Amino acid sequence: MSKKKVVVALGHDALGSTTLAQLDAVKKTAKALADLVEADYQLTITHSNGHQVSMIHKAMTELHRVYTDYTPAPMCVCSAMSQGYVGYDIQNSLKSELLSRGISKPVSTILTQVTVDPYDEAFYDPKKAIGRYMSKEDADTEVNKGNYVMETADGYRRIVAAPQPIDIVEIEAIKVLSDADQVVIACGGGGIPVIEQQHVLKGASAVIEKDCIAGKLASDLRADELLILTSVDYVYLNFGKDDQEPLRNLTITDAKRYLAEGQFGETDMLPKIVAAISYLEAVPHGRAVITSLNRTADAINAKIGTVITA
């Protein structure tokens, strides 16, 4: 009997927000992932990179400010750097944890590009804040370079588009490793957004929602499960209110109804529900589970978490 394939989407809590915090966080995360391997799942892992890509973008921008001979790194390059850096920590921590349990299994990170449409509406209405807070003077400089900025209570920040993914460029390589029962880390931070121009892939000044790409990755792999690990045990109705109610089971129809009612936060739970729906519409026999990183072992045995099915 073949192993169940699961795509695991890791959120911010699984990684920490600084280099040292990440080293500590991924050790804990590795234990949860190793529990899945021990439960005989074949893992393909994707992860957020919000803190990491912002840190890299800040560092490269400041380097250019101090040493003008250094060119600032474009967003696509910052995304690639964050994929390698986060993947490096996850694969080493997970490999170590597996070996400590007597499991010898390759763990690999694939630097992953994702094509986007240059005419995606998101490019005309960018909303994702990145990088440092800036002065008005620095913000004007960004605008003069053709970038978008927004004003906040703490200063100005650059904002970029979050277009929808079209194709995962390295999907065949991911499939080969997955079919060989190796642990794969791919599409980190949503993938490196690229625009296809004839036979050339050109980096886009954008980011892709990591939950969105998790749904796409699970669909392309025809995964048996999509496991989205976040900071709460369940998806809730009326979240944060006195009458909040955990949802233990949902169908696509239920999920769409709650979306229409505005039940889910635009920047937190809503993308996860949308990802689950897109996956299940492509793979009707699958199931999506949303729960907290701390309860991964319980989620394996269906003791906790919100289970969404077609």
# chains A, B, ... in the order shown; residues from 1 in each chain; ligands from 1
>>> select_by_dssp(residues="range 9-174 of chain A", states="strand (DSSP E)", output="count of residues only")
38
>>> residues_around(residues="Ile208 in chain A", least_positions_apart="6", cutoff="7 Å", atoms="only C-alpha atoms", output="PyMOL selection string")
chain A and resi 162-165+190-191+193
>>> residues_around(residues="Val53 in chain A", least_positions_apart="5", cutoff="6 Å", atoms="only C-alpha atoms", output="PDB file with N, CA and C atoms, in the first residue's frame")
ATOM      1  N   CYS A  78      15.385  38.599  -3.232  1.00  0.00           N
ATOM      2  CA  CYS A  78      15.159  38.483  -1.784  1.00  0.00           C
ATOM      3  C   CYS A  78      14.339  37.233  -1.473  1.00  0.00           C
ATOM      4  N   SER A  79      13.349  36.950  -2.317  1.00  0.00           N
ATOM      5  CA  SER A  79      12.529  35.754  -2.129  1.00  0.00           C
ATOM      6  C   SER A  79      13.364  34.493  -2.286  1.00  0.00           C
ATOM      7  N   SER A  82      15.499  34.005   0.787  1.00  0.00           N
ATOM      8  CA  SER A  82      14.729  33.530   1.941  1.00  0.00           C
ATOM      9  C   SER A  82      14.384  32.053   1.795  1.00  0.00           C
TER      10      SER A  82
END
>>> select_by_dssp(residues="range 86-306 of chain A", states="helix (DSSP H, G or I)", output="VMD selection string")
chain A and resid 86 to 100 121 to 124 136 to 144 171 to 179 188 to 190 210 to 220 252 to 260 269 to 282 293 to 300
>>> atom_distance(atom1="CA of Arg287 in chain A", atom2="CA of Glu225 in chain A")
5.0 Å
>>> closest_residue(among="A:Lys241, A:Lys210, A:Arg101, A:Arg257", to="Ala275 in chain A", atoms="only C-alpha atoms")
A:Lys210
>>> residues_around(residues="Ile195 in chain A", least_positions_apart="4", cutoff="10 Å", atoms="only C-alpha atoms", output="list in words")
Gln113, Val114, Thr115, Val116, Asp117, Pro118, Ile166, Val200, Leu201, Lys202, Gly203, Ala204 and Ser205 of chain A
>>> residues_around(residues="Leu247 in chain A", least_positions_apart="6", cutoff="9 Å", atoms="only C-alpha atoms", output="PyMOL selection string")
chain A and resi 234-237+305-307
>>> write_last_selection(atoms="C-alpha atoms", output="PDB file, in the first residue's frame")
ATOM      1  CA  TYR A 234      -9.544  25.121  14.859  1.00  0.00           C
ATOM      2  CA  VAL A 235     -11.174  27.391  12.349  1.00  0.00           C
ATOM      3  CA  TYR A 236     -13.732  29.395  14.327  1.00  0.00           C
ATOM      4  CA  LEU A 237     -17.006  31.129  13.637  1.00  0.00           C
ATOM      5  CA  GLY A 305      -8.407  20.471  13.943  1.00  0.00           C
ATOM      6  CA  THR A 306     -10.908  21.568  11.334  1.00  0.00           C
ATOM      7  CA  VAL A 307     -11.360  18.931   8.618  1.00  0.00           C
TER       8      VAL A 307
END
>>> residues_around(residues="Asp268 in chain A", least_positions_apart="3", cutoff="10 Å", atoms="only C-alpha atoms", output="list of chain:residue names")
A:Asp211, A:Thr230, A:Ser231, A:Phe264, A:Gly265, A:Pro271, A:Lys272, A:Ile273
>>> atom_distance(atom1="CA of Ala39 in chain A", atom2="CA of Glu97 in chain A")
14.5 Å
>>> atom_distance(atom1="CA of Ile110 in chain A", atom2="CA of Gly215 in chain A")
17.6 Å
>>> closest_residue(among="A:Leu94, A:Val107, A:Leu280, A:Leu293", to="Lys216 in chain A", atoms="only C-alpha atoms")
A:Leu280
>>> residues_around(residues="range 70-74 of chain A", least_positions_apart="5", cutoff="6 Å", atoms="only C-alpha atoms", output="mmCIF file with C-alpha atoms, in the first residue's frame")
data_model
loop_
_atom_site.group_PDB
_atom_site.id
_atom_site.type_symbol
_atom_site.label_atom_id
_atom_site.label_comp_id
_atom_site.auth_asym_id
_atom_site.auth_seq_id
_atom_site.Cartn_x
_atom_site.Cartn_y
_atom_site.Cartn_z
ATOM 1 C CA MET A 60 20.121 44.687 1.134
ATOM 2 C CA THR A 61 18.546 48.149 1.029
ATOM 3 C CA HIS A 64 23.115 50.007 -0.744
#
>>> closest_residue(among="A:Thr267, A:Asn92, A:Thr309, A:Thr112", to="Ile171 in chain A", atoms="only C-alpha atoms")
A:Thr112
>>> decode(residues="range 215-228 of chain A", atoms="N, CA and C atoms", output="tab-separated table (two decimals), in the first residue's frame")
chain	number	residue	atom	x	y	z
A	215	GLY	N	-2.19	25.30	-1.63
A	215	GLY	CA	-3.32	24.66	-2.30
A	215	GLY	C	-2.96	24.22	-3.70
A	216	LYS	N	-2.22	25.05	-4.42
A	216	LYS	CA	-1.79	24.73	-5.78
A	216	LYS	C	-0.84	23.53	-5.78
A	217	LEU	N	0.12	23.53	-4.85
A	217	LEU	CA	1.09	22.44	-4.76
A	217	LEU	C	0.39	21.12	-4.44
A	218	ALA	N	-0.55	21.14	-3.49
A	218	ALA	CA	-1.29	19.93	-3.13
A	218	ALA	C	-2.12	19.43	-4.31
A	219	SER	N	-2.67	20.36	-5.09
A	219	SER	CA	-3.45	19.97	-6.27
A	219	SER	C	-2.56	19.32	-7.32
A	220	ASP	N	-1.42	19.96	-7.62
A	220	ASP	CA	-0.52	19.44	-8.65
A	220	ASP	C	0.04	18.07	-8.30
A	221	LEU	N	0.27	17.84	-7.00
A	221	LEU	CA	0.82	16.55	-6.56
A	221	LEU	C	-0.27	15.50	-6.36
A	222	ARG	N	-1.52	15.92	-6.49
A	222	ARG	CA	-2.66	15.02	-6.21
A	222	ARG	C	-2.51	14.44	-4.81
A	223	ALA	N	-2.18	15.31	-3.87
A	223	ALA	CA	-1.92	14.88	-2.50
A	223	ALA	C	-3.19	14.34	-1.84
A	224	ASP	N	-3.00	13.40	-0.92
A	224	ASP	CA	-4.13	12.87	-0.17
A	224	ASP	C	-4.64	13.87	0.87
A	225	GLU	N	-3.72	14.70	1.38
A	225	GLU	CA	-4.11	15.68	2.40
A	225	GLU	C	-3.34	16.98	2.23
A	226	LEU	N	-3.98	18.05	2.61
A	226	LEU	CA	-3.34	19.36	2.76
A	226	LEU	C	-3.45	19.72	4.24
A	227	LEU	N	-2.32	19.82	4.91
A	227	LEU	CA	-2.30	20.12	6.34
A	227	LEU	C	-1.74	21.52	6.53
A	228	ILE	N	-2.58	22.44	6.97
A	228	ILE	CA	-2.18	23.84	7.18
A	228	ILE	C	-2.01	24.06	8.67
